[in-house]
$ cat upload_23.txt   # compact mmCIF, C-alpha atoms
# COMPACT_ATOMS: atom_id res chain seq x y z
CA MET A 1 6.70 -0.77 38.08
CA SER A 2 3.23 -0.07 39.50
CA SER A 3 0.65 1.80 37.47
CA SER A 4 0.85 4.86 39.73
CA ALA A 5 4.66 4.89 39.60
CA MET A 6 4.58 4.59 35.81
CA SER A 7 2.13 7.48 35.51
CA HIS A 8 4.26 9.64 37.83
CA PHE A 9 7.39 8.85 35.80
CA ILE A 10 5.71 9.70 32.48
CA ARG A 11 4.24 12.97 33.75
CA LEU A 12 7.50 14.05 35.39
CA SER A 13 9.54 13.16 32.31
CA GLY A 14 7.11 14.98 30.04
CA ASN A 15 7.29 18.09 32.20
CA MET A 16 11.09 18.01 32.06
CA ILE A 17 11.04 17.67 28.28
CA ALA A 18 8.70 20.65 28.00
CA ALA A 19 10.83 22.75 30.35
CA ALA A 20 13.93 22.04 28.28
CA ALA A 21 12.10 23.19 25.14
CA ARG A 22 11.85 26.74 26.57
CA GLY A 23 8.59 27.68 24.94
CA ASN A 24 9.10 25.65 21.77
CA GLY A 25 7.06 22.71 22.96
CA ARG A 26 5.92 19.89 20.70
CA LEU A 27 2.66 18.05 20.02
CA CYS A 28 2.06 14.36 19.36
CA ILE A 29 -0.80 13.80 16.90
CA LEU A 30 -1.82 10.14 16.95
CA THR A 31 -3.52 8.35 14.06
CA TYR A 32 -6.00 5.50 14.38
CA HIS A 33 -8.00 3.68 11.73
CA ARG A 34 -10.39 0.75 12.17
CA ILE A 35 -10.88 -0.57 15.71
CA LEU A 36 -11.80 -4.24 16.11
CA ASP A 37 -14.28 -5.46 18.73
CA ALA A 38 -11.94 -8.41 19.40
CA HIS A 39 -8.45 -9.51 18.44
CA ASP A 40 -8.31 -11.07 14.97
CA SER A 41 -5.10 -12.86 13.94
CA SER A 42 -5.94 -12.32 10.27
CA LEU A 43 -6.09 -8.53 10.82
CA MET A 44 -2.87 -7.99 12.73
CA SER A 45 -2.50 -4.40 11.51
CA LYS A 46 -5.84 -3.43 13.10
CA MET A 47 -6.09 -2.39 16.75
CA ASP A 48 -8.54 -4.22 19.01
CA ILE A 49 -10.78 -2.44 21.47
CA ASP A 50 -8.90 -3.64 24.57
CA THR A 51 -5.66 -2.12 23.29
CA PHE A 52 -7.46 1.08 22.34
CA ARG A 53 -9.01 1.30 25.81
CA TRP A 54 -5.71 1.02 27.70
CA GLN A 55 -4.10 3.53 25.34
CA MET A 56 -6.90 6.03 25.98
CA LYS A 57 -6.64 5.46 29.74
CA LEU A 58 -2.91 6.14 29.65
CA LEU A 59 -3.45 9.29 27.61
CA ALA A 60 -6.10 10.48 30.07
CA ASP A 61 -3.88 9.72 33.09
CA CYS A 62 -0.52 10.96 31.81
CA PHE A 63 -0.95 13.43 28.95
CA ASN A 64 -2.80 16.61 28.07
CA VAL A 65 -5.18 15.54 25.29
CA LEU A 66 -6.35 18.58 23.33
CA PRO A 67 -8.83 19.29 20.52
CA LEU A 68 -6.73 19.29 17.35
CA HIS A 69 -7.66 22.72 16.00
CA GLU A 70 -7.12 24.32 19.41
CA ALA A 71 -3.80 22.52 19.87
CA LEU A 72 -2.46 23.84 16.57
CA HIS A 73 -3.29 27.39 17.62
CA MET A 74 -1.64 26.91 21.00
CA LEU A 75 1.43 25.38 19.36
CA ARG A 76 1.97 28.34 17.06
CA GLN A 77 1.34 30.80 19.89
CA LYS A 78 4.00 29.05 22.05
CA ARG A 79 1.31 28.16 24.61
CA ILE A 80 1.25 24.38 24.15
CA PRO A 81 1.14 22.60 27.53
CA PRO A 82 3.60 19.85 28.44
CA ARG A 83 2.75 16.28 27.35
CA ALA A 84 0.42 17.56 24.62
CA VAL A 85 -1.34 14.93 22.51
CA CYS A 86 -4.15 14.89 19.94
CA ILE A 87 -6.18 11.90 18.75
CA THR A 88 -7.24 11.44 15.13
CA PHE A 89 -9.01 8.76 13.10
CA ASP A 90 -8.67 8.25 9.36
CA ASP A 91 -10.96 6.99 6.60
CA GLY A 92 -14.36 7.01 8.33
CA TYR A 93 -14.77 3.56 9.82
CA ARG A 94 -18.00 2.96 11.73
CA SER A 95 -15.93 1.51 14.57
CA THR A 96 -14.99 5.11 15.35
CA TYR A 97 -18.64 5.62 16.26
CA ASP A 98 -19.56 2.17 17.58
CA LEU A 99 -16.43 1.37 19.61
CA ALA A 100 -14.12 4.36 19.98
CA LEU A 101 -16.63 7.11 20.78
CA PRO A 102 -17.95 5.51 24.01
CA ILE A 103 -14.38 5.11 25.28
CA LEU A 104 -13.44 8.66 24.33
CA LYS A 105 -16.51 9.93 26.17
CA GLN A 106 -15.70 7.76 29.19
CA PHE A 107 -12.29 9.41 29.54
CA GLY A 108 -13.38 12.87 28.36
CA LEU A 109 -11.06 12.86 25.35
CA PRO A 110 -11.57 14.92 22.16
CA ALA A 111 -10.69 13.62 18.70
CA ALA A 112 -10.74 14.52 15.02
CA VAL A 113 -12.21 12.16 12.41
CA PHE A 114 -10.91 12.48 8.83
CA THR A 115 -13.61 10.99 6.66
CA THR A 116 -13.94 9.80 3.08
CA THR A 117 -17.39 10.13 1.54
CA ALA A 118 -17.61 7.60 -1.31
CA HIS A 119 -17.99 4.71 1.12
CA MET A 120 -20.69 6.10 3.42
CA ASP A 121 -24.01 4.34 3.90
CA GLY A 122 -22.95 0.80 3.06
CA GLY A 123 -19.77 1.02 1.00
CA ASN A 124 -16.31 -0.26 1.90
CA MET A 125 -12.73 0.86 1.34
CA TRP A 126 -10.86 -0.90 -1.47
CA ASN A 127 -8.23 -2.31 0.91
CA ASP A 128 -10.91 -3.95 3.08
CA ARG A 129 -12.44 -5.53 0.00
CA ILE A 130 -9.05 -7.07 -0.82
CA ILE A 131 -8.59 -8.36 2.73
CA GLU A 132 -12.07 -9.89 2.81
CA ALA A 133 -11.65 -11.54 -0.58
CA VAL A 134 -8.32 -13.11 0.39
CA ARG A 135 -9.84 -14.34 3.68
CA LEU A 136 -12.52 -16.22 1.72
CA LEU A 137 -10.33 -17.70 -1.01
CA PRO A 138 -9.89 -21.49 -0.86
CA ASN A 139 -6.47 -22.99 -0.22
CA GLY A 140 -4.48 -23.61 -3.38
CA PRO A 141 -2.96 -21.52 -6.16
CA LEU A 142 -4.16 -17.93 -6.51
CA ASP A 143 -3.67 -17.09 -10.18
CA LEU A 144 -3.63 -13.33 -10.79
CA ARG A 145 -1.61 -13.36 -13.99
CA GLU A 146 -4.52 -11.95 -15.98
CA VAL A 147 -4.20 -8.67 -14.01
CA GLY A 148 -0.41 -8.56 -14.28
CA LEU A 149 0.45 -10.34 -11.02
CA ASP A 150 2.00 -13.69 -10.17
CA LEU A 151 0.74 -17.09 -9.10
CA HIS A 152 0.45 -17.10 -5.27
CA PRO A 153 -0.02 -20.34 -3.31
CA ILE A 154 -2.47 -20.04 -0.39
CA VAL A 155 -1.65 -22.56 2.34
CA ASP A 156 -2.58 -21.12 5.76
CA ALA A 157 -3.84 -18.05 7.67
CA ARG A 158 -0.41 -16.46 7.97
CA ASN A 159 0.16 -16.90 4.25
CA ARG A 160 -3.20 -15.21 3.57
CA MET A 161 -2.18 -12.20 5.65
CA GLU A 162 1.06 -11.86 3.72
CA ILE A 163 -0.72 -12.11 0.36
CA ALA A 164 -3.37 -9.55 1.39
CA ALA A 165 -0.65 -7.14 2.55
CA LYS A 166 1.27 -7.51 -0.71
CA LEU A 167 -1.86 -7.02 -2.80
CA ASN A 168 -2.86 -3.94 -0.82
CA GLU A 169 0.57 -2.38 -1.22
CA TYR A 170 0.52 -3.13 -4.94
CA ALA A 171 -3.03 -1.86 -5.50
CA LYS A 172 -2.44 1.32 -3.51
CA TYR A 173 -0.51 2.98 -6.34
CA LEU A 174 -2.60 1.72 -9.25
CA LEU A 175 -4.91 3.99 -11.17
CA PRO A 176 -8.50 3.60 -9.86
CA SER A 177 -9.63 1.60 -12.92
CA GLU A 178 -6.65 -0.78 -12.62
CA ARG A 179 -7.24 -1.24 -8.90
CA THR A 180 -10.91 -2.00 -9.50
CA ASN A 181 -9.90 -4.67 -12.01
CA VAL A 182 -7.68 -6.39 -9.42
CA ILE A 183 -10.41 -6.26 -6.77
CA ASP A 184 -13.12 -7.51 -9.12
CA THR A 185 -10.90 -10.44 -10.11
CA LEU A 186 -10.21 -11.32 -6.46
CA GLU A 187 -13.87 -11.11 -5.49
CA LYS A 188 -14.88 -13.28 -8.40
CA LEU A 189 -12.36 -15.94 -7.34
CA ALA A 190 -13.62 -15.69 -3.76
CA GLY A 191 -17.27 -15.98 -4.75
CA GLU A 192 -18.18 -12.29 -5.10
CA ALA A 193 -16.85 -11.52 -1.62
CA VAL A 194 -18.13 -8.35 -0.02
CA ALA A 195 -16.61 -6.98 3.17
CA PRO A 196 -18.95 -6.35 6.10
CA ASN A 197 -20.52 -2.89 6.40
CA LEU A 198 -17.46 -1.16 7.85
CA MET A 199 -17.94 2.54 7.20
CA LEU A 200 -19.78 5.40 8.87
CA ASN A 201 -23.15 6.51 7.60
CA ARG A 202 -24.36 10.11 7.45
CA GLU A 203 -26.21 9.91 10.76
CA MET A 204 -23.10 8.63 12.54
CA ILE A 205 -20.96 11.41 11.08
CA ALA A 206 -23.47 14.01 12.24
CA SER A 207 -23.60 12.40 15.69
CA LEU A 208 -19.81 12.38 16.02
CA SER A 209 -19.82 16.10 15.30
CA GLN A 210 -22.63 16.70 17.78
CA ASN A 211 -20.60 14.80 20.39
CA GLY A 212 -17.71 17.25 20.02
CA MET A 213 -15.56 15.33 17.55
CA GLU A 214 -14.00 17.46 14.82
CA ILE A 215 -14.88 16.17 11.34
CA GLY A 216 -12.12 16.65 8.78
CA GLY A 217 -11.70 16.07 5.07
CA HIS A 218 -9.98 13.02 3.59
CA THR A 219 -11.09 13.07 -0.11
CA VAL A 220 -13.98 11.27 -1.73
CA THR A 221 -12.45 7.90 -2.63
CA HIS A 222 -9.08 7.94 -0.78
CA PRO A 223 -6.91 8.08 -3.93
CA ILE A 224 -3.19 8.66 -4.11
CA LEU A 225 -3.45 12.31 -5.13
CA SER A 226 -0.14 12.29 -6.98
CA LYS A 227 -1.56 9.62 -9.32
CA LEU A 228 -4.43 11.88 -10.43
CA ASP A 229 -4.52 14.76 -12.87
CA ASP A 230 -4.96 18.15 -11.23
CA ASP A 231 -8.67 18.51 -12.01
CA SER A 232 -9.45 15.09 -10.54
CA ALA A 233 -7.37 15.73 -7.43
CA LEU A 234 -9.06 19.07 -6.80
CA SER A 235 -12.49 17.48 -7.30
CA GLU A 236 -11.64 14.80 -4.72
CA ILE A 237 -10.74 17.49 -2.19
CA LEU A 238 -13.60 19.90 -2.86
CA GLU A 239 -16.47 17.42 -3.23
CA ASN A 240 -15.51 15.61 -0.03
CA LYS A 241 -15.48 18.91 1.86
CA GLN A 242 -18.83 20.03 0.48
CA VAL A 243 -20.59 16.74 1.27
CA LEU A 244 -19.29 16.62 4.83
CA GLU A 245 -20.18 20.26 5.47
CA ARG A 246 -23.77 19.56 4.41
CA ILE A 247 -23.91 16.60 6.80
CA ILE A 248 -22.57 18.37 9.90
CA GLY A 249 -23.88 21.88 9.14
CA LYS A 250 -20.56 23.64 9.67
CA SER A 251 -17.34 24.40 7.81
CA LEU A 252 -14.52 21.90 7.75
CA ARG A 253 -11.19 23.27 8.98
CA LEU A 254 -8.80 20.31 8.82
CA PHE A 255 -7.67 17.89 6.10
CA ALA A 256 -5.57 14.70 6.00
CA TYR A 257 -3.76 13.56 2.84
CA PRO A 258 -4.63 9.95 1.90
CA ASN A 259 -1.64 7.75 2.71
CA GLY A 260 0.18 10.98 3.46
CA LYS A 261 3.79 10.48 2.34
CA VAL A 262 5.21 13.80 1.17
CA GLY A 263 6.59 13.74 -2.35
CA VAL A 264 5.13 10.29 -2.97
CA ASP A 265 1.40 10.42 -2.22
CA TYR A 266 0.98 14.18 -2.60
CA ASP A 267 3.12 17.20 -3.50
CA GLU A 268 3.06 21.01 -3.41
CA ARG A 269 0.23 21.13 -5.98
CA HIS A 270 -2.06 19.36 -3.53
CA VAL A 271 -0.92 21.46 -0.58
CA ARG A 272 -2.05 24.55 -2.51
CA MET A 273 -5.35 22.86 -3.45
CA VAL A 274 -6.08 22.12 0.19
CA GLU A 275 -5.31 25.71 1.16
CA GLN A 276 -7.44 27.09 -1.67
CA ALA A 277 -10.32 24.82 -0.62
CA GLY A 278 -10.51 26.77 2.64
CA TYR A 279 -8.81 24.39 5.05
CA THR A 280 -6.70 25.98 7.78
CA ALA A 281 -4.38 22.99 8.37
CA ALA A 282 -3.52 19.62 6.87
CA PHE A 283 -1.77 16.46 8.04
CA THR A 284 0.71 13.94 6.68
CA THR A 285 1.84 10.54 7.95
CA ALA A 286 5.40 11.68 8.75
CA MET A 287 6.71 10.10 11.94
CA GLY A 288 7.28 12.05 15.14
CA SER A 289 5.84 15.11 16.84
CA ALA A 290 4.81 18.51 15.48
CA SER A 291 6.32 21.89 16.30
CA ARG A 292 5.40 25.48 15.55
CA PHE A 293 8.05 25.44 12.83
CA ASN A 294 6.24 22.83 10.73
CA ASP A 295 4.31 23.90 7.65
CA ILE A 296 0.71 24.18 8.92
CA TYR A 297 -0.42 22.34 5.77
CA GLN A 298 2.04 19.48 6.33
CA MET A 299 1.82 18.64 10.00
CA PRO A 300 3.19 15.21 11.01
CA ARG A 301 1.05 12.51 12.60
CA SER A 302 2.17 9.16 13.97
CA LEU A 303 0.68 5.68 14.22
CA PRO A 304 1.09 4.17 17.73
CA TRP A 305 2.11 0.52 17.78
CA ASP A 306 3.68 -0.37 21.15
CA ALA A 307 2.26 -3.41 22.93
CA THR A 308 2.40 -2.24 26.57
CA PRO A 309 1.36 0.97 28.36
CA PHE A 310 4.89 1.72 29.54
CA MET A 311 6.44 1.39 26.07
CA PHE A 312 3.56 3.38 24.57
CA GLY A 313 4.20 6.17 27.07
CA LEU A 314 7.93 6.09 26.38
CA ARG A 315 7.26 6.30 22.64
CA LEU A 316 5.26 9.49 23.09
CA LEU A 317 7.93 11.00 25.35
CA HIS A 318 10.54 10.09 22.75
CA TRP A 319 8.56 11.89 20.04
CA LEU A 320 7.92 14.91 22.30
CA ALA A 321 11.67 15.13 22.83
CA ASN A 322 12.00 15.26 19.02
CA ARG A 323 14.03 12.10 18.80
CA GLY A 324 12.39 10.58 15.70
CA LEU A 325 11.42 6.89 15.85
$ encode --input "upload_23.txt" --output "structure tokens"
Amino acid sequence: MSSSAMSHFIRLSGNMIAAAARGNGRLCILTYHRILDAHDSSLMSKMDIDTFRWQMKLLADCFNVLPLHEALHMLRQKRIPPRAVCITFDDGYRSTYDLALPILKQFGLPAAVFTTTAHMDGGNMWNDRIIEAVRLLPNGPLDLREVGLDLHPIVDARNRMEIAAKLNEYAKYLLPSERTNVIDTLEKLAGEAVAPNLMLNREMIASLSQNGMEIGGHTVTHPILSKLDDDSALSEILENKQVLERIIGKSLRLFAYPNGKVGVDYDERHVRMVEQAGYTAAFTTAMGSASRFNDIYQMPRSLPWDATPFMFGLRLLHWLANRGL
């Protein structure tokens, strides 16, 4: 199928889906994280810039990409256009500024950037520290029994990826002090490994806002909120909001729950905290598209993963038709 035929098919199909919804249209909210400047086989879960570029081109050609806050209002007012999509970024990676922003500007696409604040100006996310440490470990046995884990043999690049993924999944639900102990042990074994400077600084955050990107809250340190006591969870939400508002000189309206699984990573206590903090909407990581019937403080967002433009377009149509995965 030619590019023009594919675009025509996607637009026509999206219009038909919207017509069948009879005013109850849906919205795809896409989630991105770190963008790589080139493909890296040891970071298979990260999107490279070439993939990001063709995804943005397809969105510009075939979908109505809307500012997130505006799209939510239109959705609830039953005025959402057909083929409606929003773009979001989580965590606050500097690649959002260095790599994604020029492409977004090229295609005239708005986006929202949900940003942590503990890692600005030279820090790194805990998961990236784990990945970098495992990348630098020598081949041979990785003995983590002193932090409650097993003996892992490191033999090749694929094996390293698997170990890093397992360690990240394990560390995700540890208390912050326990997670730090695991990371410190790994970095010591790897020779005090430190990940490259991966996160936004204050000037970049301000510039993103000045370039029309919506800055949203994402906590201070990206904890699993359900693992914290209520005072600590509220502090994570409020302090992050206050710091970002000082940087951009305006109020934050939108929030994204770290990790975002309802009932696992956050619960109704945290929904109420987000509302009380003054946010007007918040976002989960539930799969599929959003409708006006969703709780405005628990709006679903989806991570795109298809390898070709046609399958990517079909995925979005599938979600807009409310057909789950």
$ closest_residue --input "upload_23.txt" --among "A:Ala190, A:Ala282, A:Leu320, A:Met273" --to "Pro81 of chain A" --atoms "only C-alpha atoms"
A:Leu320
$ atom_distance --input "upload_23.txt" --atom1 "atom CA of Asp90 of chain A" --atom2 "atom CA of Thr180 of chain A"
21.6 Å
$ atom_distance --input "upload_23.txt" --atom1 "atom CA of Leu36 of chain A" --atom2 "atom CA of Asn168 of chain A"
19.1 Å
$ residues_near_point --input "upload_23.txt" --point "(-6.7, 10.6, 5.4)" --cutoff "9 Å" --atoms "all atoms listed in the file" --output "compact mmCIF listing (two decimals) with C-alpha atoms, in the coordinates of the input"
# COMPACT_ATOMS: atom_id res chain seq x y z
CA PHE A 89 -9.01 8.76 13.10
CA ASP A 90 -8.67 8.25 9.36
CA ASP A 91 -10.96 6.99 6.60
CA GLY A 92 -14.36 7.01 8.33
CA PHE A 114 -10.91 12.48 8.83
CA THR A 115 -13.61 10.99 6.66
CA THR A 116 -13.94 9.80 3.08
CA GLY A 216 -12.12 16.65 8.78
CA GLY A 217 -11.70 16.07 5.07
CA HIS A 218 -9.98 13.02 3.59
CA THR A 219 -11.09 13.07 -0.11
CA HIS A 222 -9.08 7.94 -0.78
CA PHE A 255 -7.67 17.89 6.10
CA ALA A 256 -5.57 14.70 6.00
CA TYR A 257 -3.76 13.56 2.84
CA PRO A 258 -4.63 9.95 1.90
CA ASN A 259 -1.64 7.75 2.71
CA GLY A 260 0.18 10.98 3.46
CA PHE A 283 -1.77 16.46 8.04
CA THR A 284 0.71 13.94 6.68
CA THR A 285 1.84 10.54 7.95
$ atom_distance --input "upload_23.txt" --atom1 "atom CA of Arg145 of chain A" --atom2 "atom CA of Gly191 of chain A"
18.4 Å
$ closest_residue --input "upload_23.txt" --among "A:Ile35, A:Met199, A:Ala21, A:Leu175" --to "Met47 of chain A" --atoms "only C-alpha atoms"
A:Ile35
$ residues_around --input "upload_23.txt" --residues "Ile224 of chain A" --least-positions-apart "2" --cutoff "6 Å" --atoms "all atoms listed in the file" --output "mmCIF file with C-alpha atoms, in the coordinates of the input"
data_model
loop_
_atom_site.group_PDB
_atom_site.id
_atom_site.type_symbol
_atom_site.label_atom_id
_atom_site.label_comp_id
_atom_site.auth_asym_id
_atom_site.auth_seq_id
_atom_site.Cartn_x
_atom_site.Cartn_y
_atom_site.Cartn_z
ATOM 1 C CA SER A 226 -0.140 12.290 -6.980
ATOM 2 C CA LYS A 227 -1.560 9.620 -9.320
ATOM 3 C CA ASP A 265 1.400 10.420 -2.220
#
$ axis_aligned_box --input "upload_23.txt" --around "segment 93-109 of chain A" --padding-each-side "8 Å" --output "lines of an AutoDock Vina configuration file"
center_x = -15.3
center_y = 7.1
center_z = 19.7
size_x = 24.5
size_y = 27.5
size_z = 35.7
$ residues_around --input "upload_23.txt" --residues "Arg269 of chain A" --least-positions-apart "3" --cutoff "10 Å" --atoms "all atoms listed in the file" --output "count of residues only"
9
$ closest_residue --input "upload_23.txt" --among "A:Met311, A:Leu252, A:Ala206, A:Leu72" --to "Tyr297 of chain A" --atoms "all atoms listed in the file"
A:Leu72
$ closest_residue --input "upload_23.txt" --among "A:Ala277, A:Met6, A:Ala60, A:Ser209" --to "Glu239 of chain A" --atoms "only C-alpha atoms"
A:Ala277
$ closest_residue --input "upload_23.txt" --among "A:Thr185, A:Thr51, A:Thr117, A:Thr280" --to "Asn240 of chain A" --atoms "all atoms listed in the file"
A:Thr117
$ closest_residue --input "upload_23.txt" --among "A:Ala290, A:Met299, A:Ile131, A:Ile215" --to "Lys46 of chain A" --atoms "only C-alpha atoms"
A:Ile131
$ residues_around --input "upload_23.txt" --residues "Cys62 of chain A" --least-positions-apart "6" --cutoff "9 Å" --atoms "all atoms listed in the file" --output "ChimeraX atom specification"
/A:7-8,10-11,14,83,313
$ residues_around --input "upload_23.txt" --residues "Pro82 of chain A" --least-positions-apart "5" --cutoff "12 Å" --atoms "only C-alpha atoms" --output "VMD selection string"
chain A and resid 10 to 28 62 to 66 71 74 to 75 316 to 317 320 to 321
